[in-house]
Each structure stands twice: as structure tokens, then as C-alpha cells.
>>> print(open('upload_27.pdb').read())   # PDB, C-alpha atoms
ATOM      1  CA  MET A   1      -1.727 -26.258   3.100  1.00  0.00           C
ATOM      2  CA  GLU A   2      -4.089 -24.497   5.498  1.00  0.00           C
ATOM      3  CA  PRO A   3      -4.984 -20.805   5.293  1.00  0.00           C
ATOM      4  CA  PHE A   4      -3.194 -18.893   8.002  1.00  0.00           C
ATOM      5  CA  GLY A   5      -4.154 -15.580   9.551  1.00  0.00           C
ATOM      6  CA  ASP A   6      -6.568 -12.846   8.585  1.00  0.00           C
ATOM      7  CA  ALA A   7      -4.463 -10.722   6.213  1.00  0.00           C
ATOM      8  CA  LEU A   8      -6.552  -9.689   3.224  1.00  0.00           C
ATOM      9  CA  PRO A   9      -5.752  -8.111  -0.144  1.00  0.00           C
ATOM     10  CA  LEU A  10      -6.213  -4.379  -0.394  1.00  0.00           C
ATOM     11  CA  LYS A  11      -9.823  -3.341  -0.826  1.00  0.00           C
ATOM     12  CA  THR A  12     -10.761  -1.880  -4.177  1.00  0.00           C
ATOM     13  CA  PRO A  13     -11.941   1.686  -3.716  1.00  0.00           C
ATOM     14  CA  PHE A  14     -14.811   1.374  -6.202  1.00  0.00           C
ATOM     15  CA  ARG A  15     -17.612  -1.132  -6.198  1.00  0.00           C
ATOM     16  CA  GLN A  16     -20.586  -0.786  -8.530  1.00  0.00           C
ATOM     17  CA  GLU A  17     -21.273   2.548 -10.229  1.00  0.00           C
ATOM     18  CA  GLY A  18     -17.557   3.223 -10.077  1.00  0.00           C
ATOM     19  CA  GLY A  19     -17.652   5.658 -13.000  1.00  0.00           C
ATOM     20  CA  THR A  20     -19.778   8.209 -11.129  1.00  0.00           C
ATOM     21  CA  ARG A  21     -17.703   7.881  -7.979  1.00  0.00           C
ATOM     22  CA  GLN A  22     -14.477   8.284  -9.906  1.00  0.00           C
ATOM     23  CA  THR A  23     -15.911  11.442 -11.465  1.00  0.00           C
ATOM     24  CA  ILE A  24     -16.787  12.784  -8.005  1.00  0.00           C
ATOM     25  CA  LEU A  25     -13.215  12.138  -6.852  1.00  0.00           C
ATOM     26  CA  MET A  26     -11.836  13.855  -9.934  1.00  0.00           C
ATOM     27  CA  LEU A  27     -14.055  16.899  -9.325  1.00  0.00           C
ATOM     28  CA  LEU A  28     -12.917  17.100  -5.702  1.00  0.00           C
ATOM     29  CA  LYS A  29      -9.313  16.700  -6.840  1.00  0.00           C
ATOM     30  CA  THR A  30      -9.516  19.575  -9.317  1.00  0.00           C
ATOM     31  CA  ARG A  31     -11.943  21.921  -7.558  1.00  0.00           C
ATOM     32  CA  ALA A  32     -11.282  21.222  -3.869  1.00  0.00           C
ATOM     33  CA  HIS A  33     -14.280  21.600  -1.549  1.00  0.00           C
ATOM     34  CA  MET A  34     -17.735  20.996  -3.068  1.00  0.00           C
ATOM     35  CA  ASN A  35     -21.139  20.293  -1.560  1.00  0.00           C
ATOM     36  CA  ALA A  36     -23.785  17.843  -2.745  1.00  0.00           C
ATOM     37  CA  GLY A  37     -25.600  20.526  -4.706  1.00  0.00           C
ATOM     38  CA  ASP A  38     -22.449  21.545  -6.574  1.00  0.00           C
ATOM     39  CA  LEU A  39     -21.749  17.921  -7.481  1.00  0.00           C
ATOM     40  CA  ALA A  40     -25.352  17.235  -8.508  1.00  0.00           C
ATOM     41  CA  ARG A  41     -25.235  20.120 -10.975  1.00  0.00           C
ATOM     42  CA  GLU A  42     -21.908  18.981 -12.430  1.00  0.00           C
ATOM     43  CA  LEU A  43     -23.066  15.368 -12.778  1.00  0.00           C
ATOM     44  CA  ASN A  44     -26.614  16.213 -13.858  1.00  0.00           C
ATOM     45  CA  ILE A  45     -28.141  13.835 -11.308  1.00  0.00           C
ATOM     46  CA  THR A  46     -30.265  14.396  -8.208  1.00  0.00           C
ATOM     47  CA  GLU A  47     -28.798  15.454  -4.872  1.00  0.00           C
ATOM     48  CA  MET A  48     -30.214  12.260  -3.383  1.00  0.00           C
ATOM     49  CA  GLY A  49     -28.227  10.260  -5.920  1.00  0.00           C
ATOM     50  CA  VAL A  50     -25.087  12.257  -5.171  1.00  0.00           C
ATOM     51  CA  ARG A  51     -25.508  11.724  -1.434  1.00  0.00           C
ATOM     52  CA  ARG A  52     -25.673   7.962  -1.966  1.00  0.00           C
ATOM     53  CA  HIS A  53     -22.320   8.074  -3.769  1.00  0.00           C
ATOM     54  CA  LEU A  54     -20.839  10.422  -1.167  1.00  0.00           C
ATOM     55  CA  SER A  55     -21.904   8.054   1.600  1.00  0.00           C
ATOM     56  CA  ALA A  56     -20.125   5.146  -0.124  1.00  0.00           C
ATOM     57  CA  LEU A  57     -16.962   7.187  -0.719  1.00  0.00           C
ATOM     58  CA  GLU A  58     -16.933   8.354   2.892  1.00  0.00           C
ATOM     59  CA  ARG A  59     -17.396   4.778   4.076  1.00  0.00           C
ATOM     60  CA  ASP A  60     -14.397   3.747   1.967  1.00  0.00           C
ATOM     61  CA  GLY A  61     -12.307   6.483   3.605  1.00  0.00           C
ATOM     62  CA  LEU A  62     -11.785   8.443   0.386  1.00  0.00           C
ATOM     63  CA  ILE A  63     -13.596  11.686   1.258  1.00  0.00           C
ATOM     64  CA  ARG A  64     -14.344  13.671   4.414  1.00  0.00           C
ATOM     65  CA  PRO A  65     -17.164  16.128   5.119  1.00  0.00           C
ATOM     66  CA  THR A  66     -16.652  19.514   6.768  1.00  0.00           C
ATOM     67  CA  LEU A  67     -19.505  21.614   8.136  1.00  0.00           C
ATOM     68  CA  VAL A  68     -19.174  25.137   6.724  1.00  0.00           C
ATOM     69  CA  ARG A  69     -21.193  28.042   8.085  1.00  0.00           C
ATOM     70  CA  GLN A  70     -22.481  30.531   5.522  1.00  0.00           C
ATOM     71  CA  SER A  71     -23.292  34.212   5.856  1.00  0.00           C
ATOM     72  CA  VAL A  72     -26.837  33.490   4.688  1.00  0.00           C
ATOM     73  CA  GLY A  73     -28.808  30.309   5.186  1.00  0.00           C
ATOM     74  CA  ARG A  74     -28.074  27.052   6.928  1.00  0.00           C
ATOM     75  CA  PRO A  75     -24.583  25.537   7.277  1.00  0.00           C
ATOM     76  CA  THR A  76     -23.625  23.163   4.470  1.00  0.00           C
ATOM     77  CA  LEU A  77     -21.443  20.078   4.254  1.00  0.00           C
ATOM     78  CA  ARG A  78     -18.544  20.435   1.878  1.00  0.00           C
ATOM     79  CA  TYR A  79     -16.472  17.439   0.861  1.00  0.00           C
ATOM     80  CA  SER A  80     -12.747  17.036   0.269  1.00  0.00           C
ATOM     81  CA  LEU A  81     -10.383  14.161  -0.447  1.00  0.00           C
ATOM     82  CA  THR A  82      -8.587  12.219   2.283  1.00  0.00           C
ATOM     83  CA  GLU A  83      -4.945  11.186   2.054  1.00  0.00           C
ATOM     84  CA  GLU A  84      -6.140   7.665   1.223  1.00  0.00           C
ATOM     85  CA  ALA A  85      -7.812   8.997  -1.933  1.00  0.00           C
ATOM     86  CA  GLU A  86      -4.441  10.035  -3.344  1.00  0.00           C
ATOM     87  CA  HIS A  87      -3.762   6.343  -4.067  1.00  0.00           C
ATOM     88  CA  VAL A  88      -6.613   6.383  -6.589  1.00  0.00           C
ATOM     89  CA  PHE A  89      -4.840   8.809  -8.916  1.00  0.00           C
ATOM     90  CA  PRO A  90      -1.983   7.787 -11.242  1.00  0.00           C
ATOM     91  CA  LYS A  91       1.523   8.113  -9.860  1.00  0.00           C
ATOM     92  CA  THR A  92       4.922   7.838 -11.577  1.00  0.00           C
ATOM     93  CA  TYR A  93       7.073   7.075  -8.541  1.00  0.00           C
ATOM     94  CA  SER A  94       8.668   4.011 -10.167  1.00  0.00           C
ATOM     95  CA  SER A  95       9.675   5.970 -13.259  1.00  0.00           C
ATOM     96  CA  LEU A  96      11.131   8.727 -11.111  1.00  0.00           C
ATOM     97  CA  ALA A  97      13.061   6.224  -8.984  1.00  0.00           C
ATOM     98  CA  LEU A  98      14.440   4.487 -12.074  1.00  0.00           C
ATOM     99  CA  ASP A  99      15.504   7.782 -13.633  1.00  0.00           C
ATOM    100  CA  LEU A 100      17.353   8.791 -10.462  1.00  0.00           C
ATOM    101  CA  LEU A 101      19.003   5.388 -10.056  1.00  0.00           C
ATOM    102  CA  GLU A 102      20.102   5.386 -13.690  1.00  0.00           C
ATOM    103  CA  GLU A 103      21.736   8.769 -13.168  1.00  0.00           C
ATOM    104  CA  LEU A 104      23.723   7.335 -10.267  1.00  0.00           C
ATOM    105  CA  GLU A 105      24.540   4.192 -12.225  1.00  0.00           C
ATOM    106  CA  GLY A 106      26.215   6.261 -14.907  1.00  0.00           C
ATOM    107  CA  ASP A 107      28.285   8.313 -12.466  1.00  0.00           C
ATOM    108  CA  PRO A 108      31.751   6.819 -11.848  1.00  0.00           C
ATOM    109  CA  ASP A 109      31.979   8.808  -8.603  1.00  0.00           C
ATOM    110  CA  ALA A 110      28.852   7.083  -7.231  1.00  0.00           C
ATOM    111  CA  GLU A 111      30.181   3.521  -7.212  1.00  0.00           C
ATOM    112  CA  GLY A 112      28.531   1.538  -4.427  1.00  0.00           C
ATOM    113  CA  LEU A 113      26.024   4.305  -3.663  1.00  0.00           C
ATOM    114  CA  ILE A 114      23.026   2.412  -5.076  1.00  0.00           C
ATOM    115  CA  ALA A 115      23.692  -0.580  -2.832  1.00  0.00           C
ATOM    116  CA  ARG A 116      24.057   1.733   0.171  1.00  0.00           C
ATOM    117  CA  MET A 117      20.770   3.440  -0.676  1.00  0.00           C
ATOM    118  CA  PHE A 118      18.856   0.158  -0.664  1.00  0.00           C
ATOM    119  CA  GLU A 119      20.592  -0.900   2.540  1.00  0.00           C
ATOM    120  CA  GLY A 120      19.648   2.437   4.111  1.00  0.00           C
ATOM    121  CA  ARG A 121      16.013   1.916   3.108  1.00  0.00           C
ATOM    122  CA  LYS A 122      16.055  -1.523   4.732  1.00  0.00           C
ATOM    123  CA  ARG A 123      17.525  -0.062   7.916  1.00  0.00           C
ATOM    124  CA  LYS A 124      14.830   2.622   8.103  1.00  0.00           C
ATOM    125  CA  LEU A 125      12.045   0.073   7.586  1.00  0.00           C
ATOM    126  CA  LEU A 126      13.544  -2.150  10.273  1.00  0.00           C
ATOM    127  CA  GLU A 127      13.666   0.747  12.741  1.00  0.00           C
ATOM    128  CA  ARG A 128      10.104   1.740  11.838  1.00  0.00           C
ATOM    129  CA  HIS A 129       8.539  -1.707  12.283  1.00  0.00           C
ATOM    130  CA  ALA A 130      10.713  -3.611  14.786  1.00  0.00           C
ATOM    131  CA  GLY A 131       8.645  -2.353  17.720  1.00  0.00           C
ATOM    132  CA  ARG A 132       5.571  -4.112  16.354  1.00  0.00           C
ATOM    133  CA  MET A 133       7.279  -7.499  16.737  1.00  0.00           C
ATOM    134  CA  GLY A 134       8.222  -7.285  20.410  1.00  0.00           C
ATOM    135  CA  GLY A 135       6.785  -9.920  22.739  1.00  0.00           C
ATOM    136  CA  LYS A 136       5.064 -11.885  19.944  1.00  0.00           C
ATOM    137  CA  ASP A 137       5.573 -15.493  18.922  1.00  0.00           C
ATOM    138  CA  LEU A 138       6.571 -16.338  15.342  1.00  0.00           C
ATOM    139  CA  ALA A 139       3.026 -16.804  14.038  1.00  0.00           C
ATOM    140  CA  ALA A 140       1.983 -13.419  15.437  1.00  0.00           C
ATOM    141  CA  ARG A 141       5.092 -11.776  13.958  1.00  0.00           C
ATOM    142  CA  VAL A 142       4.242 -13.187  10.537  1.00  0.00           C
ATOM    143  CA  ARG A 143       0.693 -11.815  10.829  1.00  0.00           C
ATOM    144  CA  GLU A 144       2.139  -8.448  11.820  1.00  0.00           C
ATOM    145  CA  LEU A 145       4.465  -8.502   8.817  1.00  0.00           C
ATOM    146  CA  ALA A 146       1.518  -9.347   6.555  1.00  0.00           C
ATOM    147  CA  ASP A 147      -0.356  -6.318   7.910  1.00  0.00           C
ATOM    148  CA  ILE A 148       2.677  -4.106   7.291  1.00  0.00           C
ATOM    149  CA  GLN A 149       3.020  -5.344   3.717  1.00  0.00           C
ATOM    150  CA  ASN A 150      -0.712  -5.047   3.029  1.00  0.00           C
ATOM    151  CA  ASP A 151      -0.576  -1.438   4.189  1.00  0.00           C
ATOM    152  CA  GLY A 152       2.176  -0.957   1.606  1.00  0.00           C
ATOM    153  CA  GLY A 153       0.074  -2.399  -1.219  1.00  0.00           C
ATOM    154  CA  TYR A 154       1.589  -5.891  -1.501  1.00  0.00           C
ATOM    155  CA  MET A 155      -1.732  -7.849  -1.333  1.00  0.00           C
ATOM    156  CA  VAL A 156      -0.652 -10.575   1.083  1.00  0.00           C
ATOM    157  CA  SER A 157      -2.081 -13.981   1.924  1.00  0.00           C
ATOM    158  CA  MET A 158      -0.668 -16.587   4.319  1.00  0.00           C
ATOM    159  CA  GLU A 159      -0.633 -20.354   4.713  1.00  0.00           C
ATOM    160  CA  SER A 160       0.481 -22.724   7.438  1.00  0.00           C
ATOM    161  CA  GLY A 161       1.938 -26.079   6.530  1.00  0.00           C
ATOM    162  CA  GLY A 162       3.903 -28.555   8.600  1.00  0.00           C
ATOM    163  CA  ASP A 163       7.118 -27.025   9.845  1.00  0.00           C
ATOM    164  CA  GLU A 164       6.801 -23.733   7.983  1.00  0.00           C
ATOM    165  CA  LEU A 165       4.629 -20.668   7.487  1.00  0.00           C
ATOM    166  CA  ILE A 166       4.182 -19.304   3.966  1.00  0.00           C
ATOM    167  CA  LEU A 167       3.603 -15.710   2.947  1.00  0.00           C
ATOM    168  CA  HIS A 168       2.492 -14.790  -0.596  1.00  0.00           C
ATOM    169  CA  GLU A 169       2.639 -11.267  -2.058  1.00  0.00           C
ATOM    170  CA  TYR A 170       0.478 -10.904  -5.176  1.00  0.00           C
ATOM    171  CA  ASN A 171       1.485  -7.318  -5.925  1.00  0.00           C
ATOM    172  CA  CYS A 172       4.808  -5.476  -5.777  1.00  0.00           C
ATOM    173  CA  PRO A 173       4.610  -1.675  -5.778  1.00  0.00           C
ATOM    174  CA  ILE A 174       8.327  -1.490  -6.594  1.00  0.00           C
ATOM    175  CA  ALA A 175       8.346  -4.248  -9.236  1.00  0.00           C
ATOM    176  CA  GLN A 176       9.785  -2.001 -11.972  1.00  0.00           C
ATOM    177  CA  VAL A 177      12.665  -0.975  -9.740  1.00  0.00           C
ATOM    178  CA  ALA A 178      13.224  -4.527  -8.433  1.00  0.00           C
ATOM    179  CA  ALA A 179      13.336  -5.926 -11.975  1.00  0.00           C
ATOM    180  CA  ARG A 180      16.292  -3.646 -12.738  1.00  0.00           C
ATOM    181  CA  TYR A 181      18.021  -3.563  -9.348  1.00  0.00           C
ATOM    182  CA  GLU A 182      18.282  -6.910  -7.555  1.00  0.00           C
ATOM    183  CA  GLN A 183      19.356  -5.074  -4.385  1.00  0.00           C
ATOM    184  CA  ALA A 184      15.684  -4.207  -3.787  1.00  0.00           C
ATOM    185  CA  CYS A 185      14.710  -7.871  -3.478  1.00  0.00           C
ATOM    186  CA  GLN A 186      17.834  -8.766  -1.498  1.00  0.00           C
ATOM    187  CA  CYS A 187      17.132  -6.046   1.056  1.00  0.00           C
ATOM    188  CA  GLU A 188      13.482  -7.044   1.403  1.00  0.00           C
ATOM    189  CA  LEU A 189      14.486 -10.637   2.134  1.00  0.00           C
ATOM    190  CA  ALA A 190      17.043  -9.452   4.706  1.00  0.00           C
ATOM    191  CA  LEU A 191      14.400  -7.190   6.269  1.00  0.00           C
ATOM    192  CA  PHE A 192      11.971 -10.097   6.673  1.00  0.00           C
ATOM    193  CA  ARG A 193      14.643 -12.267   8.286  1.00  0.00           C
ATOM    194  CA  GLU A 194      15.525  -9.564  10.788  1.00  0.00           C
ATOM    195  CA  LEU A 195      11.945  -8.576  11.617  1.00  0.00           C
ATOM    196  CA  LEU A 196      10.837 -12.188  12.090  1.00  0.00           C
ATOM    197  CA  ALA A 197      14.086 -13.427  13.694  1.00  0.00           C
ATOM    198  CA  ALA A 198      13.610 -16.542  11.582  1.00  0.00           C
ATOM    199  CA  ASP A 199      15.017 -18.382   8.602  1.00  0.00           C
ATOM    200  CA  VAL A 200      13.169 -17.036   5.543  1.00  0.00           C
ATOM    201  CA  GLU A 201      13.544 -18.322   1.974  1.00  0.00           C
ATOM    202  CA  ARG A 202      12.063 -16.677  -1.123  1.00  0.00           C
ATOM    203  CA  THR A 203      10.960 -19.345  -3.626  1.00  0.00           C
ATOM    204  CA  GLU A 204       9.153 -17.198  -6.222  1.00  0.00           C
ATOM    205  CA  CYS A 205       9.592 -13.567  -7.250  1.00  0.00           C
ATOM    206  CA  LEU A 206       7.367 -11.218  -9.249  1.00  0.00           C
ATOM    207  CA  ALA A 207      10.350  -9.192 -10.427  1.00  0.00           C
ATOM    208  CA  LYS A 208      11.839 -12.357 -11.977  1.00  0.00           C
ATOM    209  CA  GLY A 209       8.708 -13.371 -13.854  1.00  0.00           C
ATOM    210  CA  GLY A 210       6.830 -15.211 -11.106  1.00  0.00           C
ATOM    211  CA  MET A 211       3.094 -14.942 -10.479  1.00  0.00           C
ATOM    212  CA  LYS A 212       3.776 -13.764  -6.932  1.00  0.00           C
ATOM    213  CA  CYS A 213       6.516 -13.384  -4.350  1.00  0.00           C
ATOM    214  CA  THR A 214       6.494 -16.369  -2.000  1.00  0.00           C
ATOM    215  CA  TYR A 215       8.371 -16.553   1.290  1.00  0.00           C
ATOM    216  CA  ARG A 216       8.767 -19.755   3.316  1.00  0.00           C
ATOM    217  CA  ILE A 217       9.386 -19.150   7.007  1.00  0.00           C
ATOM    218  CA  ALA A 218      10.786 -21.950   9.141  1.00  0.00           C
ATOM    219  CA  ARG A 219       8.972 -22.468  12.432  1.00  0.00           C
ATOM    220  CA  MET A 220      12.326 -23.105  14.146  1.00  0.00           C
ATOM    221  CA  THR A 221      13.297 -19.510  14.911  1.00  0.00           C
ATOM    222  CA  ARG A 222      16.619 -18.052  15.921  1.00  0.00           C
ATOM    223  CA  GLU A 223      15.185 -17.490  19.385  1.00  0.00           C
ATOM    224  CA  SER A 224      15.411 -21.238  20.035  1.00  0.00           C
ATOM    225  CA  ASP A 225      18.986 -21.628  18.730  1.00  0.00           C
TER
END
>>> encode(input="upload_27.pdb", output="C-alpha cells")
Amino acid sequence: MEPFGDALPLKTPFRQEGGTRQTILMLLKTRAHMNAGDLARELNITEMGVRRHLSALERDGLIRPTLVRQSVGRPTLRYSLTEEAEHVFPKTYSSLALDLLEELEGDPDAEGLIARMFEGRKRKLLERHAGRMGGKDLAARVRELADIQNDGGYMVSMESGGDELILHEYNCPIAQVAARYEQACQCELALFRELLAADVERTECLAKGGMKCTYRIARMTRESD
């Protein structure tokens, strides 16, 4: 198999000295806007050291500076978190989703509602992303799909081999939900088939104990039928 495309796993937000940078993010999370001097005092390190960490966090898209004018003295840069930084902090979305789905599962009046919910999610994702596929050949559509999935946290890589393209997902943000509700995996497979207009087969699944989710995409697309 040959590597295919340029899709890369999600970058890790912290490189070396991650502990200090995580502390800076936590301070900005709990105290909102702070300048380098404020952070230096909290961390008991020099402002120069703080600025080095701030530069790295800004480069990674986790913080943003804002120039604030003061009544006395020179303007100062105050830092705050970006939306991207919210992914650094723990979330319990899967637990919430499972709790809600279990409530529906136990309601005799909600028969069939869970399946319709997953189908509705697939329909919304199809409407959201279908425009990105227009005018592209199959290989370009697969690359576009990989970008979409990477943006969603699926850590995608691709291969090209013979008469098929192969897409691997090494992470599944909804794995806990998919392990309980097979509709999640069924709808994702249907979504891929519709977005790519191709025959897609899933041969390995994280939610079923696999090391990754693997999709094999036939080069003979529906467009040539």
C-alpha cells in the first residue's frame, strides 16, 4: 500500500514544557484576561519566560492577545483563550449523550426515535459538507472527507492500493455512544457513501474492539455506472 494524501493526525496542543503552558491555560480559563506580568507573578517565573510560553500558545492557536489601553501608563497586551483552547479542557459530552439516549430507550412512547435522531444527524452532516465535494474526482473527495474527519478529531490517514482507496480513523470522538448504539456507525458509513458517491466498506471498527476504523473505497464510483 502507498500513502495517499496529506491528511495528518490532530496536532497535540502541548510540546515540551507542557506543564507550564497548561497552567497558563488554566489561569486564563479561571481568571479571564491576564497580561504577562500577572502570569509571571502567579507562576513565579520571569516575564521573559512567560512571553516565550505565550508565543508558543498563540502559535498553536490556543490564546489571543488584545491591546488594552490604561488610564495611566502604556497600553498592555492581555491574553484570553480562543475557541480552539476549549478542546484542551475535559468534556463529558459522551456521558451526557448516553444519559439522554438511555432515557429515550426506556420510554415506550419514543419507539424508533433514537434511529430517527441518528438519521437526522447524518442528514445534517450531509447538507453541511456536500458542497465541498462538488466538481472533484474521487481521490479529491476522499482527501476532502479526511480533512472533514480530522477537523472532527478522528485522526485520519489514507492509503492508495490497486483498485481502492483506504481511509483509517485512529480516534472516534463518539466511541462510547457508538459502542452502545450501532446506529451511529451505520449512519457514518451511509454518510461516507453519499458524500463520496462511491462504494464504501468498513472492515474494522473501534467501537467493536478494533484498533481503528478502516474504510475501503472502490475506485469505480457510482458516477461511472
>>> closest_residue(input="upload_27.pdb", among="A:Met155, A:Leu104, A:Ala179, A:Val142", to="Val200 of chain A", atoms="only C-alpha atoms")
A:Val142
>>> closest_residue(input="upload_27.pdb", among="A:Thr76, A:Ser71, A:Thr20, A:Ser94", to="Leu54 of chain A", atoms="only C-alpha atoms")
A:Thr20
>>> resolve_selection(input="upload_27.pdb", expression="the PyMOL selection byres ((chain A and resi 170) around 12)", output="list in words")
Leu8, Pro9, Leu10, Ala146, Gln149, Asn150, Gly153, Tyr154, Met155, Val156, Ser157, Met158, Leu167, His168, Glu169, Asn171, Cys172, Pro173, Ala175, Glu204, Cys205, Leu206, Ala207, Gly210, Met211, Lys212, Cys213, Thr214 and Tyr215 of chain A
>>> closest_residue(input="upload_27.pdb", among="A:Glu47, A:Asp199, A:Asp147, A:Glu111", to="Met133 of chain A", atoms="all atoms listed in the file")
A:Asp147
>>> resolve_selection(input="upload_27.pdb", expression="the PyMOL selection byres ((chain A and resi 113-117) around 12)", output="JSON, numbers by chain")
{"A": [97, 98, 100, 101, 102, 103, 104, 105, 106, 107, 108, 109, 110, 111, 112, 118, 119, 120, 121, 122, 123, 124, 177, 180, 181, 182, 183, 184, 185, 186, 187]}
>>> residues_around(input="upload_27.pdb", residues="Val50 of chain A", least_positions_apart="3", cutoff="9 Å", atoms="all atoms listed in the file", output="compact mmCIF listing (two decimals) with C-alpha atoms, in the coordinates of the input")
# COMPACT_ATOMS: atom_id res chain seq x y z
CA THR A 20 -19.78 8.21 -11.13
CA ILE A 24 -16.79 12.78 -8.01
CA ALA A 36 -23.78 17.84 -2.74
CA GLY A 37 -25.60 20.53 -4.71
CA LEU A 39 -21.75 17.92 -7.48
CA ALA A 40 -25.35 17.24 -8.51
CA LEU A 43 -23.07 15.37 -12.78
CA ILE A 45 -28.14 13.84 -11.31
CA THR A 46 -30.26 14.40 -8.21
CA GLU A 47 -28.80 15.45 -4.87
CA HIS A 53 -22.32 8.07 -3.77
CA LEU A 54 -20.84 10.42 -1.17
CA SER A 55 -21.90 8.05 1.60
>>> atom_distance(input="upload_27.pdb", atom1="atom CA of Leu57 of chain A", atom2="atom CA of Tyr79 of chain A")
10.4 Å
>>> atom_distance(input="upload_27.pdb", atom1="atom CA of Arg128 of chain A", atom2="atom CA of Ile174 of chain A")
18.8 Å
>>> atom_distance(input="upload_27.pdb", atom1="atom CA of Arg41 of chain A", atom2="atom CA of Leu28 of chain A")
13.7 Å
>>> decode(input="upload_27.pdb", residues="segment 198-212 of chain A", atoms="C-alpha atoms", output="JSON list (two decimals), in the first residue's frame")
[["chain", "number", "residue", "atom", "x", "y", "z"],
["A", 198, "ALA", "CA", -18.81, 5.54, -4.14],
["A", 199, "ASP", "CA", -18.99, 2.02, -2.79],
["A", 200, "VAL", "CA", -17.54, 2.14, 0.74],
["A", 201, "GLU", "CA", -16.96, -0.86, 3.02],
["A", 202, "ARG", "CA", -15.96, -0.67, 6.68],
["A", 203, "THR", "CA", -13.58, -3.54, 7.54],
["A", 204, "GLU", "CA", -12.55, -2.59, 11.10],
["A", 205, "CYS", "CA", -14.33, -0.60, 13.80],
["A", 206, "LEU", "CA", -13.07, 0.99, 17.02],
["A", 207, "ALA", "CA", -16.47, 0.67, 18.66],
["A", 208, "LYS", "CA", -16.34, -3.12, 18.10],
["A", 209, "GLY", "CA", -12.89, -3.60, 19.58],
["A", 210, "GLY", "CA", -10.73, -2.76, 16.56],
["A", 211, "MET", "CA", -7.53, -0.71, 16.69],
["A", 212, "LYS", "CA", -9.03, 1.77, 14.23]]
